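Asker: Handing over final26.txt, compact mmCIF, N, CA and C atoms.
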# COMPACT_ATOMS: atom_id res chain seq x y z
N MET A 287 149.45 78.34 135.67
CA MET A 287 148.68 79.56 135.84
C MET A 287 148.16 80.07 134.50
N TYR A 288 149.00 80.09 133.48
CA TYR A 288 148.59 80.63 132.19
C TYR A 288 148.02 79.57 131.26
N VAL A 289 148.65 78.42 131.19
CA VAL A 289 148.22 77.40 130.24
C VAL A 289 148.04 76.07 130.96
N GLN A 290 146.85 75.86 131.47
CA GLN A 290 146.54 74.63 132.18
C GLN A 290 145.52 73.78 131.44
N THR A 291 144.72 74.40 130.58
CA THR A 291 143.68 73.67 129.88
C THR A 291 143.92 73.71 128.37
N LEU A 292 143.22 72.85 127.66
CA LEU A 292 143.34 72.84 126.20
C LEU A 292 142.94 74.18 125.60
N ASP A 293 141.88 74.78 126.12
CA ASP A 293 141.43 76.08 125.62
C ASP A 293 142.52 77.14 125.78
N GLN A 294 143.24 77.10 126.89
CA GLN A 294 144.31 78.07 127.11
C GLN A 294 145.47 77.83 126.14
N TRP A 295 145.78 76.58 125.86
CA TRP A 295 146.83 76.28 124.88
C TRP A 295 146.43 76.76 123.49
N VAL A 296 145.18 76.51 123.11
CA VAL A 296 144.71 76.95 121.79
C VAL A 296 144.72 78.48 121.72
N SER A 297 144.28 79.12 122.79
CA SER A 297 144.28 80.58 122.83
C SER A 297 145.70 81.14 122.72
N LEU A 298 146.64 80.54 123.41
CA LEU A 298 148.03 80.98 123.33
C LEU A 298 148.58 80.79 121.92
N ALA A 299 148.28 79.66 121.30
CA ALA A 299 148.74 79.40 119.94
C ALA A 299 148.15 80.43 118.97
N ALA A 300 146.85 80.72 119.10
CA ALA A 300 146.23 81.72 118.24
C ALA A 300 146.85 83.09 118.47
N LEU A 301 147.10 83.41 119.72
CA LEU A 301 147.73 84.70 120.06
C LEU A 301 149.11 84.80 119.42
N LEU A 302 149.92 83.74 119.53
CA LEU A 302 151.27 83.78 118.97
C LEU A 302 151.25 83.90 117.45
N VAL A 303 150.32 83.21 116.80
CA VAL A 303 150.24 83.28 115.34
C VAL A 303 149.78 84.66 114.90
N CYS A 304 148.67 85.13 115.47
CA CYS A 304 148.09 86.42 115.04
C CYS A 304 149.00 87.59 115.39
N CYS A 305 149.42 87.65 116.63
CA CYS A 305 150.25 88.77 117.07
C CYS A 305 151.67 88.66 116.52
N GLY A 306 152.14 87.44 116.36
CA GLY A 306 153.46 87.26 115.75
C GLY A 306 153.49 87.78 114.33
N LEU A 307 152.47 87.47 113.55
CA LEU A 307 152.38 87.99 112.18
C LEU A 307 152.25 89.51 112.20
N ALA A 308 151.46 90.03 113.14
CA ALA A 308 151.28 91.49 113.22
C ALA A 308 152.60 92.19 113.55
N LEU A 309 153.37 91.62 114.45
CA LEU A 309 154.65 92.23 114.83
C LEU A 309 155.71 92.06 113.74
N TRP A 310 155.63 90.95 113.01
CA TRP A 310 156.63 90.66 112.00
C TRP A 310 156.36 91.40 110.69
N ARG A 311 155.11 91.33 110.22
CA ARG A 311 154.80 91.85 108.89
C ARG A 311 153.83 93.03 108.87
N GLY A 312 153.25 93.36 110.02
CA GLY A 312 152.24 94.40 110.05
C GLY A 312 152.83 95.79 110.06
N GLY A 313 151.95 96.76 109.84
CA GLY A 313 152.33 98.16 109.94
C GLY A 313 152.21 98.63 111.38
N ARG A 314 152.26 99.91 111.57
CA ARG A 314 152.21 100.47 112.92
C ARG A 314 150.91 100.10 113.65
N PRO A 315 149.73 100.22 113.02
CA PRO A 315 148.50 99.85 113.74
C PRO A 315 148.46 98.38 114.14
N GLU A 316 148.93 97.51 113.27
CA GLU A 316 148.93 96.08 113.58
C GLU A 316 149.89 95.77 114.74
N ARG A 317 151.02 96.44 114.74
CA ARG A 317 151.99 96.22 115.82
C ARG A 317 151.47 96.72 117.16
N ILE A 318 150.83 97.87 117.14
CA ILE A 318 150.25 98.40 118.38
C ILE A 318 149.20 97.43 118.92
N ALA A 319 148.33 96.97 118.04
CA ALA A 319 147.29 96.03 118.47
C ALA A 319 147.90 94.71 118.93
N GLY A 320 148.91 94.24 118.23
CA GLY A 320 149.56 92.98 118.61
C GLY A 320 150.18 93.05 120.00
N VAL A 321 150.90 94.11 120.27
CA VAL A 321 151.52 94.27 121.59
C VAL A 321 150.44 94.39 122.66
N THR A 322 149.40 95.15 122.37
CA THR A 322 148.32 95.34 123.35
C THR A 322 147.60 94.03 123.63
N MET A 323 147.34 93.23 122.59
CA MET A 323 146.68 91.94 122.81
C MET A 323 147.56 90.98 123.61
N ILE A 324 148.86 91.01 123.36
CA ILE A 324 149.77 90.16 124.13
C ILE A 324 149.74 90.58 125.60
N LEU A 325 149.84 91.89 125.84
CA LEU A 325 149.80 92.38 127.21
C LEU A 325 148.48 92.01 127.89
N ALA A 326 147.37 92.15 127.16
CA ALA A 326 146.06 91.81 127.74
C ALA A 326 145.97 90.32 128.05
N TRP A 327 146.49 89.49 127.15
CA TRP A 327 146.42 88.04 127.37
C TRP A 327 147.19 87.64 128.62
N PHE A 328 148.37 88.21 128.80
CA PHE A 328 149.18 87.85 129.96
C PHE A 328 148.72 88.55 131.24
N ALA A 329 148.05 89.69 131.13
CA ALA A 329 147.55 90.40 132.31
C ALA A 329 146.28 89.76 132.85
N THR A 330 145.51 89.14 132.00
CA THR A 330 144.22 88.59 132.42
C THR A 330 144.32 87.61 133.59
N PRO A 331 145.19 86.61 133.57
CA PRO A 331 145.26 85.71 134.73
C PRO A 331 145.73 86.42 136.00
N LEU A 332 146.50 87.48 135.84
CA LEU A 332 147.00 88.20 137.01
C LEU A 332 145.90 88.96 137.75
N VAL A 333 144.86 89.36 137.01
CA VAL A 333 143.79 90.15 137.62
C VAL A 333 142.53 89.34 137.88
N GLN A 334 142.54 88.06 137.54
CA GLN A 334 141.37 87.23 137.80
C GLN A 334 141.20 87.03 139.29
N SER A 335 139.94 86.91 139.69
CA SER A 335 139.62 86.68 141.09
C SER A 335 140.15 85.31 141.51
N ALA A 336 140.80 85.27 142.65
CA ALA A 336 141.37 84.02 143.15
C ALA A 336 140.30 83.13 143.79
N SER A 337 139.15 83.71 144.11
CA SER A 337 138.09 82.89 144.72
C SER A 337 137.51 81.95 143.68
N LEU A 338 136.96 80.87 144.17
CA LEU A 338 136.40 79.86 143.27
C LEU A 338 134.95 80.13 142.90
N THR A 339 134.42 81.26 143.34
CA THR A 339 133.03 81.57 143.01
C THR A 339 132.94 82.00 141.55
N PRO A 340 132.10 81.35 140.79
CA PRO A 340 131.96 81.73 139.39
C PRO A 340 131.18 83.04 139.27
N GLY A 341 131.41 83.71 138.19
CA GLY A 341 130.69 84.95 137.95
C GLY A 341 131.57 85.97 137.26
N PRO A 342 131.06 87.19 137.15
CA PRO A 342 131.81 88.22 136.44
C PRO A 342 133.15 88.53 137.12
N GLN A 343 134.10 88.82 136.31
CA GLN A 343 135.45 89.12 136.79
C GLN A 343 135.73 90.61 136.53
N SER A 344 135.76 91.41 137.58
CA SER A 344 135.95 92.85 137.40
C SER A 344 137.35 93.17 136.89
N GLY A 345 138.38 92.44 137.32
CA GLY A 345 139.73 92.69 136.83
C GLY A 345 139.86 92.40 135.35
N VAL A 346 139.27 91.30 134.92
CA VAL A 346 139.29 90.94 133.50
C VAL A 346 138.50 91.97 132.70
N PHE A 347 137.40 92.45 133.27
CA PHE A 347 136.61 93.51 132.62
C PHE A 347 137.47 94.74 132.36
N VAL A 348 138.26 95.15 133.33
CA VAL A 348 139.12 96.33 133.18
C VAL A 348 140.14 96.10 132.07
N VAL A 349 140.77 94.93 132.03
CA VAL A 349 141.73 94.62 130.97
C VAL A 349 141.05 94.66 129.61
N ASP A 350 139.86 94.09 129.51
CA ASP A 350 139.14 94.07 128.24
C ASP A 350 138.71 95.47 127.81
N VAL A 351 138.33 96.31 128.76
CA VAL A 351 137.97 97.70 128.42
C VAL A 351 139.20 98.46 127.91
N LEU A 352 140.34 98.25 128.55
CA LEU A 352 141.57 98.92 128.09
C LEU A 352 141.94 98.47 126.67
N LEU A 353 141.81 97.18 126.39
CA LEU A 353 142.05 96.69 125.03
C LEU A 353 141.05 97.31 124.06
N LEU A 354 139.80 97.39 124.47
CA LEU A 354 138.77 98.02 123.63
C LEU A 354 139.13 99.46 123.31
N LEU A 355 139.62 100.20 124.28
CA LEU A 355 139.97 101.61 124.06
C LEU A 355 141.12 101.75 123.07
N VAL A 356 142.11 100.87 123.16
CA VAL A 356 143.22 100.90 122.20
C VAL A 356 142.72 100.58 120.79
N LEU A 357 141.89 99.55 120.68
CA LEU A 357 141.35 99.19 119.36
C LEU A 357 140.46 100.29 118.80
N LEU A 358 139.68 100.93 119.66
CA LEU A 358 138.83 102.04 119.23
C LEU A 358 139.67 103.21 118.73
N ALA A 359 140.75 103.52 119.44
CA ALA A 359 141.64 104.60 118.99
C ALA A 359 142.24 104.27 117.63
N LEU A 360 142.62 103.01 117.43
CA LEU A 360 143.15 102.60 116.12
C LEU A 360 142.08 102.71 115.04
N ALA A 361 140.86 102.27 115.37
CA ALA A 361 139.77 102.32 114.39
C ALA A 361 139.46 103.75 113.97
N LEU A 362 139.59 104.68 114.90
CA LEU A 362 139.27 106.08 114.60
C LEU A 362 140.43 106.84 113.95
N SER A 363 141.64 106.28 114.02
CA SER A 363 142.79 107.06 113.54
C SER A 363 143.52 106.47 112.34
N CYS A 364 143.23 105.25 111.95
CA CYS A 364 143.96 104.70 110.81
C CYS A 364 143.00 104.39 109.66
N ASP A 365 143.60 104.11 108.51
CA ASP A 365 142.82 103.92 107.29
C ASP A 365 142.61 102.45 106.94
N ARG A 366 142.56 101.61 107.96
CA ARG A 366 142.37 100.18 107.73
C ARG A 366 140.99 99.75 108.22
N TRP A 367 140.49 98.64 107.69
CA TRP A 367 139.15 98.16 108.06
C TRP A 367 139.17 97.27 109.28
N TRP A 368 140.23 96.51 109.48
CA TRP A 368 140.25 95.49 110.53
C TRP A 368 140.07 96.05 111.94
N PRO A 369 140.57 97.27 112.27
CA PRO A 369 140.33 97.75 113.64
C PRO A 369 138.85 97.95 113.95
N MET A 370 138.07 98.27 112.92
CA MET A 370 136.62 98.42 113.16
C MET A 370 136.01 97.09 113.55
N ALA A 371 136.38 96.03 112.85
CA ALA A 371 135.86 94.69 113.17
C ALA A 371 136.36 94.25 114.55
N ALA A 372 137.65 94.44 114.81
CA ALA A 372 138.21 94.04 116.10
C ALA A 372 137.56 94.83 117.25
N THR A 373 137.31 96.11 117.02
CA THR A 373 136.65 96.93 118.04
C THR A 373 135.23 96.44 118.29
N GLY A 374 134.53 96.07 117.24
CA GLY A 374 133.18 95.52 117.41
C GLY A 374 133.17 94.24 118.21
N PHE A 375 134.08 93.32 117.88
CA PHE A 375 134.16 92.06 118.63
C PHE A 375 134.54 92.31 120.09
N GLN A 376 135.51 93.19 120.30
CA GLN A 376 135.95 93.48 121.67
C GLN A 376 134.85 94.23 122.43
N GLY A 377 134.08 95.03 121.73
CA GLY A 377 132.94 95.70 122.38
C GLY A 377 131.92 94.70 122.88
N VAL A 378 131.68 93.65 122.12
CA VAL A 378 130.74 92.62 122.56
C VAL A 378 131.32 91.86 123.76
N VAL A 379 132.65 91.69 123.80
CA VAL A 379 133.28 91.06 124.97
C VAL A 379 132.97 91.89 126.22
N THR A 380 133.12 93.18 126.14
CA THR A 380 132.85 94.03 127.31
C THR A 380 131.37 94.02 127.66
N LEU A 381 130.52 93.95 126.67
CA LEU A 381 129.08 93.85 126.95
C LEU A 381 128.75 92.53 127.64
N THR A 382 129.48 91.48 127.30
CA THR A 382 129.28 90.19 127.95
C THR A 382 129.61 90.29 129.44
N HIS A 383 130.69 91.01 129.76
CA HIS A 383 131.03 91.23 131.17
C HIS A 383 129.90 91.97 131.89
N MET A 384 129.39 93.01 131.23
CA MET A 384 128.32 93.80 131.85
C MET A 384 127.05 92.98 132.02
N ALA A 385 126.73 92.16 131.03
CA ALA A 385 125.54 91.32 131.13
C ALA A 385 125.66 90.33 132.27
N ALA A 386 126.83 89.73 132.43
CA ALA A 386 127.04 88.77 133.51
C ALA A 386 126.98 89.46 134.87
N ALA A 387 127.42 90.72 134.93
CA ALA A 387 127.35 91.45 136.20
C ALA A 387 125.92 91.86 136.54
N LEU A 388 125.13 92.17 135.52
CA LEU A 388 123.75 92.61 135.75
C LEU A 388 122.78 91.46 135.99
N ASP A 389 123.05 90.34 135.35
CA ASP A 389 122.14 89.20 135.47
C ASP A 389 122.90 87.99 136.00
N THR A 390 122.68 87.64 137.23
CA THR A 390 123.40 86.53 137.85
C THR A 390 122.92 85.17 137.36
N GLN A 391 121.85 85.15 136.57
CA GLN A 391 121.34 83.88 136.04
C GLN A 391 122.12 83.39 134.83
N ILE A 392 122.99 84.24 134.29
CA ILE A 392 123.82 83.82 133.16
C ILE A 392 124.80 82.77 133.66
N ALA A 393 124.80 81.64 133.01
CA ALA A 393 125.66 80.53 133.44
C ALA A 393 127.13 80.93 133.27
N PRO A 394 127.94 80.64 134.28
CA PRO A 394 129.38 80.98 134.19
C PRO A 394 130.06 80.36 132.97
N ARG A 395 129.65 79.17 132.60
CA ARG A 395 130.25 78.52 131.43
C ARG A 395 129.93 79.29 130.15
N ALA A 396 128.70 79.75 130.02
CA ALA A 396 128.32 80.54 128.84
C ALA A 396 129.10 81.85 128.80
N TYR A 397 129.27 82.47 129.94
CA TYR A 397 130.04 83.71 130.07
C TYR A 397 131.47 83.49 129.60
N TYR A 398 132.08 82.40 130.05
CA TYR A 398 133.45 82.08 129.68
C TYR A 398 133.58 81.76 128.18
N ILE A 399 132.67 80.96 127.67
CA ILE A 399 132.73 80.56 126.26
C ILE A 399 132.50 81.75 125.35
N ALA A 400 131.55 82.61 125.70
CA ALA A 400 131.30 83.79 124.87
C ALA A 400 132.54 84.68 124.80
N GLY A 401 133.18 84.91 125.93
CA GLY A 401 134.39 85.72 125.94
C GLY A 401 135.51 85.09 125.14
N SER A 402 135.66 83.77 125.26
CA SER A 402 136.71 83.07 124.53
C SER A 402 136.49 83.12 123.02
N LEU A 403 135.28 82.81 122.59
CA LEU A 403 135.01 82.81 121.15
C LEU A 403 135.16 84.20 120.55
N LEU A 404 134.71 85.21 121.26
CA LEU A 404 134.84 86.58 120.75
C LEU A 404 136.30 87.02 120.71
N SER A 405 137.11 86.55 121.64
CA SER A 405 138.53 86.91 121.60
C SER A 405 139.21 86.30 120.37
N TYR A 406 138.76 85.11 119.96
CA TYR A 406 139.31 84.52 118.73
C TYR A 406 138.93 85.37 117.52
N LEU A 407 137.72 85.90 117.50
CA LEU A 407 137.31 86.77 116.39
C LEU A 407 138.13 88.06 116.38
N THR A 408 138.42 88.61 117.55
CA THR A 408 139.24 89.81 117.64
C THR A 408 140.64 89.53 117.10
N MET A 409 141.22 88.41 117.51
CA MET A 409 142.55 88.04 117.02
C MET A 409 142.51 87.74 115.52
N GLY A 410 141.42 87.16 115.06
CA GLY A 410 141.28 86.88 113.62
C GLY A 410 141.26 88.15 112.80
N ALA A 411 140.59 89.18 113.29
CA ALA A 411 140.58 90.46 112.59
C ALA A 411 142.00 91.02 112.49
N LEU A 412 142.75 90.93 113.58
CA LEU A 412 144.15 91.39 113.55
C LEU A 412 144.97 90.55 112.56
N PHE A 413 144.76 89.25 112.55
CA PHE A 413 145.50 88.38 111.63
C PHE A 413 145.26 88.80 110.18
N LEU A 414 144.00 89.01 109.82
CA LEU A 414 143.69 89.43 108.44
C LEU A 414 144.27 90.80 108.14
N GLY A 415 144.23 91.69 109.13
CA GLY A 415 144.82 93.02 108.93
C GLY A 415 146.32 92.94 108.73
N ALA A 416 147.00 92.09 109.49
CA ALA A 416 148.44 91.94 109.34
C ALA A 416 148.79 91.29 108.01
N ARG A 417 147.98 90.33 107.61
CA ARG A 417 148.21 89.68 106.30
C ARG A 417 148.04 90.69 105.16
N ASN A 418 147.02 91.53 105.26
CA ASN A 418 146.81 92.56 104.23
C ASN A 418 147.93 93.59 104.26
N ALA A 419 148.43 93.94 105.43
CA ALA A 419 149.54 94.89 105.53
C ALA A 419 150.79 94.31 104.88
N ALA A 420 151.01 93.01 105.04
CA ALA A 420 152.16 92.37 104.42
C ALA A 420 152.02 92.40 102.90
N ARG A 421 150.83 92.14 102.41
CA ARG A 421 150.60 92.20 100.96
C ARG A 421 150.79 93.62 100.44
N ARG A 422 150.30 94.60 101.21
CA ARG A 422 150.41 95.99 100.81
C ARG A 422 151.89 96.40 100.76
N ALA A 423 152.68 95.92 101.69
CA ALA A 423 154.11 96.24 101.71
C ALA A 423 154.83 95.64 100.52
N LYS A 424 154.40 94.45 100.07
CA LYS A 424 155.04 93.81 98.92
C LYS A 424 154.80 94.60 97.64
N THR A 425 153.63 95.21 97.50
CA THR A 425 153.30 95.89 96.26
C THR A 425 153.52 97.39 96.32
N SER A 426 154.04 97.89 97.45
CA SER A 426 154.28 99.32 97.54
C SER A 426 155.48 99.71 96.69
N PRO A 427 155.57 100.98 96.29
CA PRO A 427 156.65 101.41 95.40
C PRO A 427 158.04 101.17 95.95
N GLY A 428 158.23 101.23 97.23
CA GLY A 428 159.56 101.07 97.80
C GLY A 428 159.95 99.63 98.05
N SER A 429 159.16 98.67 97.60
CA SER A 429 159.44 97.27 97.91
C SER A 429 160.14 96.53 96.77
N GLY A 430 160.79 97.22 95.89
CA GLY A 430 161.53 96.54 94.85
C GLY A 430 160.96 96.76 93.46
N ARG A 431 159.70 97.06 93.35
CA ARG A 431 159.11 97.35 92.06
C ARG A 431 159.46 98.77 91.66
N ARG A 432 159.78 98.95 90.43
CA ARG A 432 160.12 100.28 89.92
C ARG A 432 158.87 100.92 89.34
N ARG A 433 158.70 102.18 89.65
CA ARG A 433 157.60 102.94 89.06
C ARG A 433 158.17 103.93 88.06
N LEU A 434 157.47 104.11 87.01
CA LEU A 434 157.87 105.06 86.01
C LEU A 434 157.40 106.45 86.47
N THR A 435 158.34 107.33 86.63
CA THR A 435 157.98 108.70 87.01
C THR A 435 158.28 109.64 85.87
N ILE A 436 157.34 110.48 85.62
CA ILE A 436 157.50 111.46 84.55
C ILE A 436 157.74 112.81 85.21
N ILE A 437 158.80 113.43 84.82
CA ILE A 437 159.16 114.71 85.44
C ILE A 437 158.47 115.85 84.77
Would you mind writing the file's structure down as structure tokens?
Answerer:
Amino acid sequence: MYVQTLDQWVSLAALLVCCGLALWRGGRPERIAGVTMILAWFATPLVQSASLTPGPQSGVFVVDVLLLLVLLALALSCDRWWPMAATGFQGVVTLTHMAAALDTQIAPRAYYIAGSLLSYLTMGALFLGARNAARRAKTSPGSGRRRLTII
């Protein structure tokens, strides 16, 4: 159900690497996004249409919109750059759903590939954000380096 094709295996591997790093080394925003992306990844097959008719998936659209809202809240509330990029990529994912719903001439394969490639970009933004958070934690004053304080 979850991992039947090569694309699904690659997606799961990317999810585990990106979200794993975010949960392990990231700050609060990275952890929130990591948990939300994991939940979205596992919720997507549960809400997919069971019919074999290709076309837009309203359940997947709802999951993607919810992920977009979480990323947008992070982009508006934290001082990091990566949520803005992730929100942009996820916004295009939701636009892809809307385009497929409005125009039935869009090939189902193109719809699927566009969503998949954009999800990798969203996860990539989180990965870079988590990597930067880990670097920031190493150089912060409480991480072992002593700062000279003048009273």
Asker: Would you please work out which residue, of A:Leu354, A:Leu307, A:Ile318, A:Leu325, is nearest to Phe375 in chain A when using all atoms listed in the file?
Answerer: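 Closest to Phe375 in chain A of all the choices is A:Leu354.
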Asker: Find the distance between atom N of Val348 in chain A and atom N of Arg314 in chain A and write it in Å to one decimal.
Answerer: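 Calculated distance between atom N of Val348 in chain A and atom N of Arg314 in chain A is 26.3 Å.
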Asker: Separation of atom C of Ser335 in chain A and atom N of Thr408 in chain A, in Å?
Answerer: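 Between atom C of Ser335 in chain A and atom N of Thr408 in chain A the gap is 24.2 Å.
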Asker: In Å, how far is it from atom N of Leu381 in chain A to atom N of Gly312 in chain A?
Answerer: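 Taking atom N of Leu381 in chain A as the start and atom N of Gly312 in chain A as the end point, the length is 28.2 Å.
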Asker: Please provide the set of residues having any atom within 7 Å of Val303 in chain A, restricted to all atoms listed in the file, with same-chain residues fewer than 5 positions apart removed, written as a list in words.
Answerer: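 My list of contacting residues is Leu298, Ala308 and Phe413 of chain A.
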Asker: Measuring atom to atom with all atoms listed in the file, identify which of A:Leu388, A:Leu301, A:Asp293, A:Arg311 is nearest to Ala423 in chain A.
Answerer: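 Nearest to Ala423 in chain A: A:Arg311.
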Asker: Please, what is the axis-aligned box for every listed atom of range 352-364 of chain A with 3 Å on each side, as centre and edge lengths in Å to one decimal, as lines of an AutoDock Vina configuration file?
Answerer:
center_x = 141.4
center_y = 101.9
center_z = 119.1
size_x = 11.2
size_y = 16.4
size_z = 24.9
Asker: Report the residues of range 288-421 of chain A whose backbone DSSP state falls under alpha helix (DSSP H), written as a ChimeraX atom specification.
Answerer: /A:292-311,314-333,344-363,368-388,394-421
